[in-house]
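What follows is work22.tsv (TSV, C-alpha atoms and all ligand atoms).
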```tsv
chain	number	residue	atom	x	y	z
X	1	MET	CA	0.00	0.00	0.00
X	2	ILE	CA	1.37	3.42	-1.04
X	3	ARG	CA	1.01	6.01	1.74
X	4	CYS	CA	1.18	9.84	1.83
X	5	ASP	CA	-0.43	12.85	3.51
X	6	ALA	CA	-1.68	14.27	0.21
X	7	LEU	CA	-2.11	12.51	-3.10
X	8	ILE	CA	-2.27	14.94	-6.02
X	9	VAL	CA	-3.74	13.60	-9.27
X	10	GLY	CA	-2.41	15.62	-12.22
X	11	GLY	CA	0.97	17.24	-12.72
X	12	GLY	CA	0.01	20.24	-14.86
X	13	PRO	CA	0.55	23.77	-13.47
X	14	ALA	CA	-2.27	23.37	-10.92
X	15	GLY	CA	-1.12	20.01	-9.53
X	16	LEU	CA	2.53	21.09	-9.27
X	17	ALA	CA	1.59	24.40	-7.64
X	18	ALA	CA	-0.59	22.55	-5.12
X	19	ALA	CA	2.23	20.06	-4.45
X	20	ILE	CA	4.65	22.92	-3.74
X	21	ALA	CA	2.16	24.78	-1.53
X	22	LEU	CA	1.39	21.66	0.55
X	23	ARG	CA	5.05	20.67	0.81
X	24	GLN	CA	5.82	24.21	2.00
X	25	LYS	CA	3.40	23.45	4.85
X	26	GLY	CA	5.32	20.27	5.71
X	27	LEU	CA	3.03	17.59	4.24
X	28	ASP	CA	4.34	14.40	2.68
X	29	VAL	CA	3.10	14.90	-0.91
X	30	LEU	CA	2.84	12.36	-3.71
X	31	LEU	CA	1.93	13.65	-7.20
X	32	ALA	CA	0.98	11.31	-10.05
X	33	ASP	CA	0.51	12.13	-13.74
X	34	ALA	CA	-0.07	9.79	-16.64
X	35	LEU	CA	2.35	11.83	-18.79
X	36	ARG	CA	6.06	12.56	-18.41
X	37	PRO	CA	7.68	16.00	-18.07
X	38	PRO	CA	8.01	18.50	-19.48
X	39	ILE	CA	4.28	18.43	-20.31
X	40	ASP	CA	3.10	20.68	-23.12
X	41	LYS	CA	-0.45	21.95	-23.70
X	42	ALA	CA	-2.28	24.46	-25.89
X	43	CYS	CA	-2.01	27.74	-24.01
X	44	GLY	CA	-1.57	31.46	-24.68
X	45	GLU	CA	1.44	31.28	-22.31
X	46	GLY	CA	0.91	34.69	-20.73
X	47	LEU	CA	1.25	35.11	-16.97
X	48	MET	CA	-0.27	38.32	-15.63
X	49	PRO	CA	1.59	40.31	-12.91
X	50	ASP	CA	-0.59	38.79	-10.16
X	51	ALA	CA	0.26	35.26	-11.36
X	52	ARG	CA	3.96	36.15	-11.23
X	53	LYS	CA	3.59	37.30	-7.62
X	54	ASP	CA	1.83	34.06	-6.64
X	55	LEU	CA	4.51	32.06	-8.41
X	56	ALA	CA	7.12	33.95	-6.34
X	57	ALA	CA	5.22	32.95	-3.18
X	58	LEU	CA	5.66	29.35	-4.34
X	59	GLY	CA	9.40	30.02	-4.51
X	60	ILE	CA	9.77	30.54	-8.27
X	61	GLN	CA	11.03	33.86	-9.63
X	62	VAL	CA	10.47	34.05	-13.37
X	63	THR	CA	12.71	36.56	-15.12
X	64	GLY	CA	13.21	37.85	-18.65
X	65	HIS	CA	15.60	34.90	-19.20
X	66	ASP	CA	12.65	32.51	-18.90
X	67	GLY	CA	10.55	34.31	-21.50
X	68	ALA	CA	9.64	37.88	-22.42
X	69	ALA	CA	8.08	40.52	-20.19
X	70	PHE	CA	4.95	42.39	-21.30
X	71	ASP	CA	3.54	45.65	-19.97
X	72	GLY	CA	-0.20	45.41	-20.53
X	73	ILE	CA	-3.03	44.32	-22.81
X	74	ALA	CA	-4.20	45.70	-26.15
X	75	PHE	CA	-7.58	44.90	-27.73
X	76	LEU	CA	-7.84	45.30	-31.52
X	77	SER	CA	-11.10	45.01	-33.41
X	78	GLY	CA	-11.59	46.36	-36.94
X	79	ALA	CA	-10.58	50.01	-36.91
X	80	HIS	CA	-10.52	50.22	-33.10
X	81	GLN	CA	-7.59	49.69	-30.78
X	82	ALA	CA	-7.52	50.07	-26.98
X	83	THR	CA	-4.37	49.70	-24.91
X	84	ALA	CA	-3.99	49.45	-21.14
X	85	PRO	CA	-0.70	49.20	-19.28
X	86	PHE	CA	-0.62	47.29	-15.98
X	87	GLU	CA	-0.88	49.54	-12.91
X	88	SER	CA	2.05	47.73	-11.29
X	89	GLY	CA	4.56	45.10	-12.36
X	90	SER	CA	4.78	43.32	-15.67
X	91	GLY	CA	3.49	40.05	-17.03
X	92	ILE	CA	5.64	37.39	-18.63
X	93	GLY	CA	5.22	35.30	-21.75
X	94	ILE	CA	6.78	31.94	-20.95
X	95	ARG	CA	6.76	28.72	-22.94
X	96	ARG	CA	4.56	26.15	-21.30
X	97	LEU	CA	7.46	23.66	-21.34
X	98	GLN	CA	9.71	26.14	-19.52
X	99	LEU	CA	7.06	26.89	-16.88
X	100	HIS	CA	6.51	23.18	-16.36
X	101	SER	CA	10.25	22.57	-15.96
X	102	LEU	CA	10.51	25.34	-13.34
X	103	LEU	CA	7.57	23.91	-11.37
X	104	VAL	CA	9.02	20.38	-11.53
X	105	ALA	CA	12.47	21.63	-10.39
X	106	ARG	CA	10.92	23.46	-7.42
X	107	SER	CA	8.88	20.36	-6.48
X	108	HIS	CA	12.06	18.25	-6.56
X	109	GLU	CA	13.90	20.80	-4.43
X	110	LEU	CA	11.18	20.64	-1.75
X	111	GLY	CA	11.00	16.85	-1.76
X	112	VAL	CA	7.63	16.23	-3.44
X	113	ARG	CA	7.43	12.57	-4.52
X	114	LEU	CA	6.76	12.62	-8.26
X	115	ALA	CA	5.24	9.63	-10.04
X	116	TRP	CA	5.35	10.41	-13.76
X	117	GLY	CA	3.90	8.05	-16.34
X	118	THR	CA	1.49	6.83	-13.65
X	119	ARG	CA	-2.21	6.67	-14.41
X	120	VAL	CA	-4.53	7.06	-11.44
X	121	GLN	CA	-7.49	4.70	-11.70
X	122	VAL	CA	-10.72	5.78	-10.10
X	123	ALA	CA	-13.50	3.18	-9.89
X	124	GLU	CA	-16.76	3.49	-8.01
X	125	LYS	CA	-16.60	2.20	-4.41
X	126	GLN	CA	-13.03	0.96	-4.96
X	127	PRO	CA	-9.87	2.37	-3.36
X	128	LEU	CA	-8.02	4.63	-5.72
X	129	GLN	CA	-5.09	2.95	-7.48
X	130	LEU	CA	-1.82	4.18	-8.96
X	131	ASP	CA	-1.05	1.90	-11.89
X	132	GLY	CA	-2.87	-0.90	-10.07
X	133	GLU	CA	-1.45	-0.22	-6.56
X	134	PRO	CA	-3.83	1.06	-3.87
X	135	CYS	CA	-2.92	4.32	-2.14
X	136	ASN	CA	-3.70	5.54	1.37
X	137	TYR	CA	-3.85	9.33	1.86
X	138	ARG	CA	-5.23	11.95	4.25
X	139	TYR	CA	-6.12	14.36	1.42
X	140	LEU	CA	-6.89	13.70	-2.24
X	141	ILE	CA	-6.33	16.67	-4.56
X	142	GLY	CA	-7.91	16.55	-8.03
X	143	ALA	CA	-5.74	18.57	-10.42
X	144	ASP	CA	-6.64	16.42	-13.39
X	145	GLY	CA	-7.90	19.12	-15.74
X	146	GLN	CA	-11.16	19.88	-17.57
X	147	SER	CA	-12.52	16.29	-17.63
X	148	SER	CA	-11.52	15.49	-14.05
X	149	ARG	CA	-12.25	11.94	-12.92
X	150	ILE	CA	-11.59	12.93	-9.30
X	151	ARG	CA	-14.36	15.55	-9.63
X	152	GLN	CA	-16.80	12.89	-10.83
X	153	ALA	CA	-15.73	10.31	-8.24
X	154	GLY	CA	-15.95	12.88	-5.43
X	155	GLY	CA	-19.52	13.74	-6.43
X	156	LEU	CA	-18.45	17.30	-7.24
X	157	ASP	CA	-19.65	17.48	-10.84
X	158	GLN	CA	-22.71	19.60	-10.06
X	159	GLY	CA	-22.50	23.10	-11.44
X	160	LYS	CA	-22.95	25.02	-14.64
X	161	ILE	CA	-21.00	25.30	-17.88
X	162	PHE	CA	-21.52	28.79	-19.34
X	163	SER	CA	-19.36	28.33	-22.42
X	164	ARG	CA	-17.39	25.69	-24.27
X	165	ARG	CA	-14.91	26.88	-26.92
X	166	PHE	CA	-11.95	25.49	-28.79
X	167	GLY	CA	-8.43	26.83	-28.53
X	168	THR	CA	-5.26	26.29	-30.54
X	169	ARG	CA	-1.72	27.57	-30.24
X	170	CYS	CA	1.43	27.73	-32.33
X	171	HIS	CA	4.81	29.47	-31.91
X	172	TYR	CA	6.35	31.59	-34.66
X	173	ARG	CA	9.84	32.94	-35.24
X	174	VAL	CA	9.02	36.66	-35.31
X	175	GLN	CA	10.48	39.58	-33.38
X	176	PRO	CA	7.67	40.72	-31.05
X	177	TRP	CA	6.34	44.01	-32.44
X	178	SER	CA	4.78	45.09	-29.15
X	179	ARG	CA	5.37	44.83	-25.38
X	180	MET	CA	1.64	44.21	-24.95
X	181	VAL	CA	-0.32	40.98	-25.20
X	182	GLU	CA	-2.54	41.72	-28.18
X	183	VAL	CA	-6.06	40.32	-28.36
X	184	HIS	CA	-7.43	40.53	-31.92
X	185	TRP	CA	-11.20	40.26	-32.22
X	186	GLY	CA	-12.89	38.95	-35.36
X	187	ASP	CA	-16.13	37.29	-36.40
X	188	LEU	CA	-14.73	33.75	-36.16
X	189	GLY	CA	-13.07	34.20	-32.76
X	190	GLN	CA	-10.08	35.81	-31.10
X	191	ALA	CA	-6.35	35.48	-31.63
X	192	TYR	CA	-3.96	36.60	-28.99
X	193	ILE	CA	-0.29	37.23	-29.34
X	194	THR	CA	2.13	36.85	-26.45
X	195	PRO	CA	5.82	37.76	-26.74
X	196	ILE	CA	7.88	34.74	-25.65
X	197	GLY	CA	11.46	35.72	-26.50
X	198	PRO	CA	13.56	38.13	-28.59
X	199	GLU	CA	12.62	36.23	-31.76
X	200	GLU	CA	9.52	34.33	-30.73
X	201	ILE	CA	5.80	34.86	-30.22
X	202	CYS	CA	3.00	32.53	-29.13
X	203	VAL	CA	-0.20	32.77	-31.16
X	204	ALA	CA	-3.34	31.32	-29.56
X	205	THR	CA	-6.79	31.34	-31.14
X	206	VAL	CA	-10.16	30.63	-29.56
X	207	ALA	CA	-13.33	29.94	-31.55
X	208	ARG	CA	-16.92	28.92	-30.85
X	209	GLU	CA	-17.07	26.16	-33.45
X	210	PRO	CA	-14.88	23.06	-33.05
X	211	THR	CA	-14.50	22.91	-36.83
X	212	THR	CA	-12.98	26.41	-37.09
X	213	ARG	CA	-9.29	25.96	-37.79
X	214	MET	CA	-6.52	28.24	-36.56
X	215	GLU	CA	-5.73	29.40	-40.13
X	216	ALA	CA	-9.36	30.42	-40.60
X	217	VAL	CA	-9.35	32.61	-37.47
X	218	LEU	CA	-6.02	34.17	-38.47
X	219	GLY	CA	-7.24	34.63	-42.05
X	220	SER	CA	-10.22	36.61	-40.76
X	221	LEU	CA	-7.86	39.11	-39.06
X	222	PRO	CA	-6.09	40.87	-41.98
X	223	SER	CA	-3.61	43.03	-40.00
X	224	LEU	CA	-2.42	40.05	-37.96
X	225	HIS	CA	-2.37	37.77	-40.96
X	226	LEU	CA	-0.03	40.22	-42.69
X	227	ARG	CA	2.37	40.23	-39.74
X	228	LEU	CA	2.59	36.43	-39.72
X	229	GLU	CA	2.96	36.04	-43.46
X	230	GLY	CA	6.15	34.10	-44.23
X	231	ALA	CA	7.03	33.58	-40.52
X	232	SER	CA	8.27	30.07	-39.75
X	233	ALA	CA	6.35	28.01	-37.21
X	234	LEU	CA	8.47	26.83	-34.26
X	235	SER	CA	6.02	24.27	-32.90
X	236	ARG	CA	3.19	22.15	-34.15
X	237	VAL	CA	-0.37	23.41	-33.71
X	238	ARG	CA	-1.92	22.06	-30.50
X	239	GLY	CA	-5.57	22.28	-29.55
X	240	ALA	CA	-7.55	22.15	-26.30
X	241	LEU	CA	-11.04	22.74	-24.99
X	242	THR	CA	-11.66	25.84	-22.90
X	243	THR	CA	-14.77	26.30	-20.77
X	244	THR	CA	-16.32	28.76	-18.40
X	245	ARG	CA	-17.47	26.40	-15.66
X	246	LYS	CA	-18.67	27.06	-12.15
X	247	LEU	CA	-19.01	24.19	-9.67
X	248	ARG	CA	-21.38	24.14	-6.73
X	249	ARG	CA	-18.64	22.80	-4.44
X	250	VAL	CA	-14.92	22.15	-4.80
X	251	THR	CA	-14.43	20.02	-1.67
X	252	ALA	CA	-16.07	16.91	-0.27
X	253	GLY	CA	-14.73	15.18	2.84
X	254	LYS	CA	-10.98	14.87	2.27
X	255	VAL	CA	-11.18	15.64	-1.47
X	256	ALA	CA	-10.36	19.08	-2.94
X	257	LEU	CA	-10.15	20.25	-6.55
X	258	VAL	CA	-7.69	22.78	-8.02
X	259	GLY	CA	-7.04	24.27	-11.47
X	260	ASP	CA	-9.33	23.51	-14.41
X	261	ALA	CA	-10.74	20.52	-12.50
X	262	SER	CA	-12.26	23.01	-10.04
X	263	GLY	CA	-13.95	25.20	-12.68
X	264	SER	CA	-12.50	27.60	-15.19
X	265	ALA	CA	-12.80	30.91	-17.02
X	266	ASP	CA	-12.57	31.08	-20.83
X	267	ALA	CA	-9.00	31.13	-22.18
X	268	VAL	CA	-9.46	34.67	-23.52
X	269	THR	CA	-9.21	35.96	-19.92
X	270	GLY	CA	-5.59	34.71	-19.81
X	271	GLU	CA	-6.07	33.77	-16.15
X	272	GLY	CA	-6.27	29.94	-15.98
X	273	ILE	CA	-2.77	29.30	-14.71
X	274	GLY	CA	-2.77	32.32	-12.40
X	275	LEU	CA	-6.01	31.12	-10.82
X	276	SER	CA	-4.50	27.73	-10.12
X	277	PHE	CA	-1.52	29.33	-8.31
X	278	ARG	CA	-3.88	31.37	-6.13
X	279	GLN	CA	-5.97	28.29	-5.37
X	280	ALA	CA	-2.86	26.26	-4.51
X	281	LEU	CA	-1.69	28.87	-1.99
X	282	LEU	CA	-5.14	29.03	-0.41
X	283	LEU	CA	-5.34	25.23	-0.27
X	284	GLY	CA	-1.97	25.16	1.49
X	285	ARG	CA	-3.24	27.58	4.14
X	286	ALA	CA	-6.48	25.59	4.60
X	287	ILE	CA	-4.78	22.20	4.92
X	288	ALA	CA	-2.13	23.60	7.29
X	289	VAL	CA	-4.96	24.11	9.82
X	290	GLU	CA	-6.79	20.93	8.73
X	291	ASN	CA	-9.80	22.95	7.58
X	292	LEU	CA	-10.93	22.52	3.97
X	293	ASP	CA	-13.91	24.83	4.67
X	294	ILE	CA	-11.45	27.72	4.33
X	295	TYR	CA	-10.70	26.57	0.79
X	296	GLU	CA	-14.37	25.98	-0.01
X	297	ALA	CA	-15.22	29.52	1.11
X	298	GLY	CA	-12.27	31.23	-0.60
X	299	HIS	CA	-12.41	29.46	-3.96
X	300	PRO	CA	-15.45	31.35	-5.35
X	301	VAL	CA	-13.85	34.64	-4.30
X	302	ILE	CA	-10.77	33.80	-6.39
X	303	GLN	CA	-12.95	32.83	-9.38
X	304	ARG	CA	-15.39	35.75	-9.20
X	305	MET	CA	-13.68	38.41	-11.29
X	306	PRO	CA	-12.26	36.14	-14.03
X	307	HIS	CA	-15.74	34.60	-14.38
X	308	LEU	CA	-17.39	37.98	-14.67
X	309	MET	CA	-14.82	39.13	-17.25
X	310	SER	CA	-15.14	35.85	-19.10
X	311	ARG	CA	-18.88	36.33	-19.47
X	312	VAL	CA	-18.50	39.95	-20.62
X	313	MET	CA	-15.91	38.91	-23.23
X	314	LEU	CA	-18.06	36.01	-24.41
X	315	ARG	CA	-20.88	38.50	-25.04
X	316	MET	CA	-18.45	40.61	-27.06
X	317	ASP	CA	-17.60	37.47	-29.03
X	318	ALA	CA	-21.20	36.47	-29.70
X	319	TRP	CA	-22.66	39.93	-30.36
X	320	PRO	CA	-20.63	41.93	-32.93
X	321	TRP	CA	-22.72	45.08	-32.35
X	322	MET	CA	-21.82	44.99	-28.65
X	323	ARG	CA	-18.14	44.44	-29.45
X	324	GLU	CA	-18.19	47.39	-31.86
X	325	ARG	CA	-19.90	49.60	-29.26
X	326	ALA	CA	-17.60	48.55	-26.40
X	327	MET	CA	-14.47	48.92	-28.53
X	328	SER	CA	-15.46	52.36	-29.75
X	329	VAL	CA	-15.96	53.46	-26.12
X	330	VAL	CA	-12.73	52.01	-24.66
X	331	SER	CA	-10.57	53.05	-27.62
X	332	GLY	CA	-11.65	56.65	-27.03
X	333	GLN	CA	-11.24	56.31	-23.24
X	334	PRO	CA	-7.93	54.52	-22.55
X	335	GLN	CA	-8.23	55.36	-18.84
X	336	LEU	CA	-11.48	53.41	-18.64
X	337	PHE	CA	-9.89	50.41	-20.33
X	338	ALA	CA	-6.93	50.60	-17.92
X	339	HIS	CA	-9.36	50.61	-14.96
X	340	LEU	CA	-11.17	47.57	-16.41
X	341	LEU	CA	-7.86	45.74	-16.67
X	342	ALA	CA	-6.98	46.71	-13.09
X	343	LEU	CA	-10.39	45.37	-11.99
X	344	HIS	CA	-9.75	42.12	-13.85
X	345	LEU	CA	-6.40	41.71	-12.11
X	346	GLY	CA	-7.72	42.57	-8.66
X	347	GLU	CA	-5.69	45.80	-8.52
X	348	ARG	CA	-8.94	47.75	-8.20
X	349	SER	CA	-12.05	46.68	-6.26
X	350	LEU	CA	-15.43	46.17	-7.89
X	351	GLY	CA	-16.92	48.72	-5.47
X	352	ASP	CA	-14.37	51.33	-6.52
X	353	PHE	CA	-15.00	50.60	-10.20
X	354	LEU	CA	-18.79	50.77	-9.79
X	355	LEU	CA	-18.51	54.08	-7.99
X	356	ARG	CA	-15.94	55.82	-10.20
X	357	ASP	CA	-16.10	54.28	-13.67
X	358	ALA	CA	-19.33	52.35	-14.18
X	359	PRO	CA	-21.63	55.43	-14.55
X	360	ALA	CA	-19.38	56.94	-17.26
X	361	LEU	CA	-19.04	53.56	-18.97
X	362	GLY	CA	-22.81	53.00	-18.89
X	363	LEU	CA	-23.55	56.46	-20.29
X	364	ARG	CA	-21.02	56.09	-23.11
X	365	LEU	CA	-22.33	52.65	-24.03
X	366	LEU	CA	-25.87	53.99	-24.19
X	367	ALA	CA	-24.93	57.24	-25.99
J	1	LIG	C1	-6.00	27.99	-26.17
J	1	LIG	C2	-5.79	28.24	-24.71
J	1	LIG	C3	-5.09	29.36	-24.31
J	1	LIG	C4	-4.86	29.61	-22.95
J	1	LIG	N1	-4.14	30.71	-22.59
J	1	LIG	C5	-3.85	30.94	-21.29
J	1	LIG	C6	-2.99	32.03	-20.91
J	1	LIG	O1	-2.49	32.78	-21.75
J	1	LIG	N2	-2.74	32.20	-19.58
J	1	LIG	C7	-3.26	31.38	-18.63
J	1	LIG	O2	-3.00	31.58	-17.43
J	1	LIG	N3	-4.06	30.33	-18.96
J	1	LIG	C8	-4.36	30.09	-20.27
J	1	LIG	N4	-5.13	29.01	-20.61
J	1	LIG	C9	-5.69	28.16	-19.55
J	1	LIG	C10	-4.63	27.20	-19.00
J	1	LIG	O3	-3.96	26.54	-20.04
J	1	LIG	C11	-5.31	26.17	-18.08
J	1	LIG	O4	-6.08	26.86	-17.13
J	1	LIG	C12	-4.27	25.31	-17.37
J	1	LIG	O5	-3.60	24.48	-18.28
J	1	LIG	C13	-4.93	24.43	-16.32
J	1	LIG	O6	-3.93	23.64	-15.71
J	1	LIG	P1	-4.32	22.33	-14.90
J	1	LIG	O7	-3.05	21.89	-14.24
J	1	LIG	O8	-5.53	22.57	-14.09
J	1	LIG	O9	-4.77	21.26	-16.02
J	1	LIG	P2	-3.91	20.54	-17.13
J	1	LIG	O10	-2.81	21.42	-17.60
J	1	LIG	O11	-4.90	20.05	-18.12
J	1	LIG	O12	-3.25	19.30	-16.38
J	1	LIG	C14	-3.97	18.17	-15.99
J	1	LIG	C15	-3.01	17.01	-15.85
J	1	LIG	O13	-3.70	15.90	-15.26
J	1	LIG	C16	-3.21	14.71	-15.84
J	1	LIG	N5	-4.22	13.66	-15.64
J	1	LIG	C17	-5.53	13.69	-15.99
J	1	LIG	N6	-6.15	12.56	-15.60
J	1	LIG	C18	-5.22	11.79	-15.01
J	1	LIG	C19	-5.23	10.48	-14.41
J	1	LIG	N7	-6.36	9.77	-14.31
J	1	LIG	N8	-4.09	9.97	-13.91
J	1	LIG	C20	-2.92	10.69	-13.97
J	1	LIG	N9	-2.86	11.92	-14.53
J	1	LIG	C21	-3.97	12.47	-15.04
J	1	LIG	C22	-2.98	15.08	-17.31
J	1	LIG	O14	-2.02	14.20	-17.91
J	1	LIG	C23	-2.47	16.51	-17.20
J	1	LIG	O15	-1.05	16.58	-17.20
J	1	LIG	C24	-5.38	28.73	-21.97
J	1	LIG	C25	-6.10	27.58	-22.37
J	1	LIG	C26	-6.31	27.34	-23.72
J	1	LIG	C27	-7.06	26.11	-24.13
```
Any chance you could give the structure as structure tokens?
Ligand SMILES: Cc1cc2nc3c(=O)[nH]c(=O)nc-3n(C[C@H](O)[C@H](O)[C@H](O)COP(=O)(O)OP(=O)(O)OC[C@H]3O[C@@H](n4cnc5c(N)ncnc54)[C@H](O)[C@@H]3O)c2cc1C
Amino acid sequence: MIRCDALIVGGGPAGLAAAIALRQKGLDVLLADALRPPIDKACGEGLMPDARKDLAALGIQVTGHDGAAFDGIAFLSGAHQATAPFESGSGIGIRRLQLHSLLVARSHELGVRLAWGTRVQVAEKQPLQLDGEPCNYRYLIGADGQSSRIRQAGGLDQGKIFSRRFGTRCHYRVQPWSRMVEVHWGDLGQAYITPIGPEEICVATVAREPTTRMEAVLGSLPSLHLRLEGASALSRVRGALTTTRKLRRVTAGKVALVGDASGSADAVTGEGIGLSFRQALLLGRAIAVENLDIYEAGHPVIQRMPHLMSRVMLRMDAWPWMRERAMSVVSGQPQLFAHLLALHLGERSLGDFLLRDAPALGLRLLA
């Protein structure tokens, strides 16, 4: 019988972050993943300033050597462009493989037991097994992504899926032309561009229809298409599902969910990985005092703003007239767009935004 304080199922960013956070609190942690590192996945590869801070709290300082820093977000739609710098700090574009390697190295350093190439089998009313061997644990952490089996087995599947879209990503050898993450809006979906290195960018697209290919989304965005013309691809195109999902509960008994397994915001928010770091730190604090209720209560607070933003952006995706209206307002009012970004990143409270900016925004949208 394998024994540990905490068994973590899934060694993506969420599982590794949770392993580090729990090990920092002194638990004996075993993490199992069916794949072997470094694990790649379709992702826009942008970490916002708040995600960088949380990563530092997990003991990992990402610098310009690991990727490329960016200073804010730009939205581009037709003739409109709106740019907002971050109020403090900078984000970083970092290859998924590099981020995974840093998380694995930190887990090693802290003494997390890592079982790669190990499938965790979950069968009803049976003890959980690691490649056929039963495991005894005090806590079971489901970090097994969108289609989590731990979520199903723990009876935590109840909730709501607000959106289901399809993402792709590819890297290109191009000198980044901006220090912003650019989000290009078109009728087929969005493409966002993250600087990754002096001669490299990550291009991610998200579309409503599973049949919409990356080239089609890029082809519908003429200015971006022009920039990428002739650029050589540095990786193969990868795809993944992205959802906006809210669960009723994320804990049950000694089971807790983190990362995409615990609910998610659409990829266009660029917050999935950052959310999982925040959840991991909160989970560490909750388990340190043997009280998962702290995690249960704090999890929706962490998800609230990305969910709200996700739903606003999905409306902009589905309703071109609304996108046109919103873009014409924020492109003429860069301050307003900067405040929206600060709200999204938790640098500004919702109360403050409602008091100072919402009336002006409402009036301009209606005008
Ligand atoms: C197109 C796209 C662009 C995105 N852009 C961004 C962005 O710019 N910034 C950002 O922060 N987020 C972004 N995201 C979201 C981000 O990629 C996810 O939120 C993040 O990958 C979630 O990590 P995770 O560890 O929860 O899940 P995953 O990365 O999916 O990891 C789950 C792991 O569990 C393992 N596993 C599953 N079942 C088992 C089992 N039974 N036994 C053993 N192992 C198992 C899998 O092998 C996998 O390694 C994007 C997503 C998409 C699709």
Do you know which residues are within 7 Å of ligand LIG 1 (chain J) using all atoms listed in the file? Can you write them as a PyMOL selection string?
chain X and resi 9-15+32-35+39+41-47+118-121+143-146+148-149+166-169+204-206+239-242+258-261+264+267-268+270-274+276
Point (-0.7, 24.2, -5.2), cut-off 7 Å, counting all atoms listed in the file, residues as a ChimeraX atom specification:
/X:14-22,277,279-281,283-284
May I ask which of the residues X:Leu257, X:Ala153, X:Val104, X:Val217 is the closest one to Arg36 of chain X, counting only C-alpha atoms?
X:Val104
Select, from X:Ala318, X:Val301, X:Ala358, X:Leu282, the residue with the minimum atom-to-atom distance to Phe337 of chain X, counting only C-alpha atoms.
X:Ala358
Got a sec: who's within 6 Å of Leu31 of chain X, counting all atoms listed in the file, leaving out chain neighbours fewer than 4 positions off, as a ChimeraX atom specification?
/X:7-8,114-115
Give me the residues within 8 Å of segment 75-82 of chain X as a PyMOL selection string, counting all atoms listed in the file and dropping any in the same chain fewer than 5 places off.
chain X and resi 182-186+324+327-328+330-332+334+337
State, in Å with one decimal place, the distance from atom CA of Thr83 of chain X to atom CA of Leu343 of chain X.
14.9 Å
When you count only C-alpha atoms, which of these residues is closest to Arg96 of chain X: X:Cys135, X:Ala57, X:Ile196, X:Ala191?
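So, comparing all the options, the nearest one is X:Ile196.
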Check the smallest atom-to-atom distance from each of X:Thr269, X:Ser220, X:Ser163, X:Gln335 to Phe86 of chain X using all atoms listed in the file, then report the winner.
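Smallest distance to Phe86 of chain X is found for X:Gln335.
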Excluding same-chain residues fewer than 2 positions from Asp293 of chain X, what lies within 12 Å of it counting all atoms listed in the file, as a PDB file with C-alpha atoms, keeping the file's coordinate frame?
```pdb
ATOM      1  CA  ARG X 249     -18.640  22.800  -4.440  1.00  0.00           C
ATOM      2  CA  VAL X 250     -14.920  22.150  -4.800  1.00  0.00           C
ATOM      3  CA  THR X 251     -14.430  20.020  -1.670  1.00  0.00           C
ATOM      4  CA  ALA X 252     -16.070  16.910  -0.270  1.00  0.00           C
ATOM      5  CA  GLY X 253     -14.730  15.180   2.840  1.00  0.00           C
ATOM      6  CA  LYS X 254     -10.980  14.870   2.270  1.00  0.00           C
ATOM      7  CA  VAL X 255     -11.180  15.640  -1.470  1.00  0.00           C
ATOM      8  CA  ALA X 256     -10.360  19.080  -2.940  1.00  0.00           C
ATOM      9  CA  LEU X 282      -5.140  29.030  -0.410  1.00  0.00           C
ATOM     10  CA  LEU X 283      -5.340  25.230  -0.270  1.00  0.00           C
ATOM     11  CA  ARG X 285      -3.240  27.580   4.140  1.00  0.00           C
ATOM     12  CA  ALA X 286      -6.480  25.590   4.600  1.00  0.00           C
ATOM     13  CA  ILE X 287      -4.780  22.200   4.920  1.00  0.00           C
ATOM     14  CA  VAL X 289      -4.960  24.110   9.820  1.00  0.00           C
ATOM     15  CA  GLU X 290      -6.790  20.930   8.730  1.00  0.00           C
ATOM     16  CA  ASN X 291      -9.800  22.950   7.580  1.00  0.00           C
ATOM     17  CA  TYR X 295     -10.700  26.570   0.790  1.00  0.00           C
ATOM     18  CA  GLU X 296     -14.370  25.980  -0.010  1.00  0.00           C
ATOM     19  CA  ALA X 297     -15.220  29.520   1.110  1.00  0.00           C
ATOM     20  CA  GLY X 298     -12.270  31.230  -0.600  1.00  0.00           C
ATOM     21  CA  HIS X 299     -12.410  29.460  -3.960  1.00  0.00           C
TER      22      HIS X 299
END
```
When you count all atoms listed in the file, which of these residues is closest to Ala6 of chain X: X:Ile141, X:Leu228, X:Leu340, X:Leu99?
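Using all atoms listed in the file, the shortest distance to Ala6 of chain X belongs to X:Ile141.
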Quick one: residues within 7 Å of Arg151 of chain X, all atoms listed in the file, excluding same-chain residues fewer than 5 positions away - as a VMD selection string?
chain X and resid 142 156 to 157 261
Taking into account all atoms listed in the file, which residue in the set X:His171, X:Arg356, X:Arg179, X:Arg3 is nearest to Ala68 of chain X?
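Once distances to Ala68 of chain X are computed over all atoms listed in the file, the minimum belongs to X:Arg179.
What separates atom CA of Ser349 of chain X from atom CA of Ala326 of chain X is a distance of 21.0 Å.
For the atom pair formed by atom CA of Ala342 of chain X and atom CA of Gly263 of chain X, the distance is 22.6 Å, given to one decimal.
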Ref. answer, residues at most 6 Å from (-13.4, 32.2, -17.5) with all atoms listed in the file, as a PDB file with C-alpha atoms, in the coordinates of the input:
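File produced: selection-v5.pdb:
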```pdb
ATOM      1  CA  THR X 244     -16.320  28.760 -18.400  1.00  0.00           C
ATOM      2  CA  SER X 264     -12.500  27.600 -15.190  1.00  0.00           C
ATOM      3  CA  ALA X 265     -12.800  30.910 -17.020  1.00  0.00           C
ATOM      4  CA  ASP X 266     -12.570  31.080 -20.830  1.00  0.00           C
ATOM      5  CA  PRO X 306     -12.260  36.140 -14.030  1.00  0.00           C
ATOM      6  CA  HIS X 307     -15.740  34.600 -14.380  1.00  0.00           C
ATOM      7  CA  SER X 310     -15.140  35.850 -19.100  1.00  0.00           C
TER       8      SER X 310
END
```
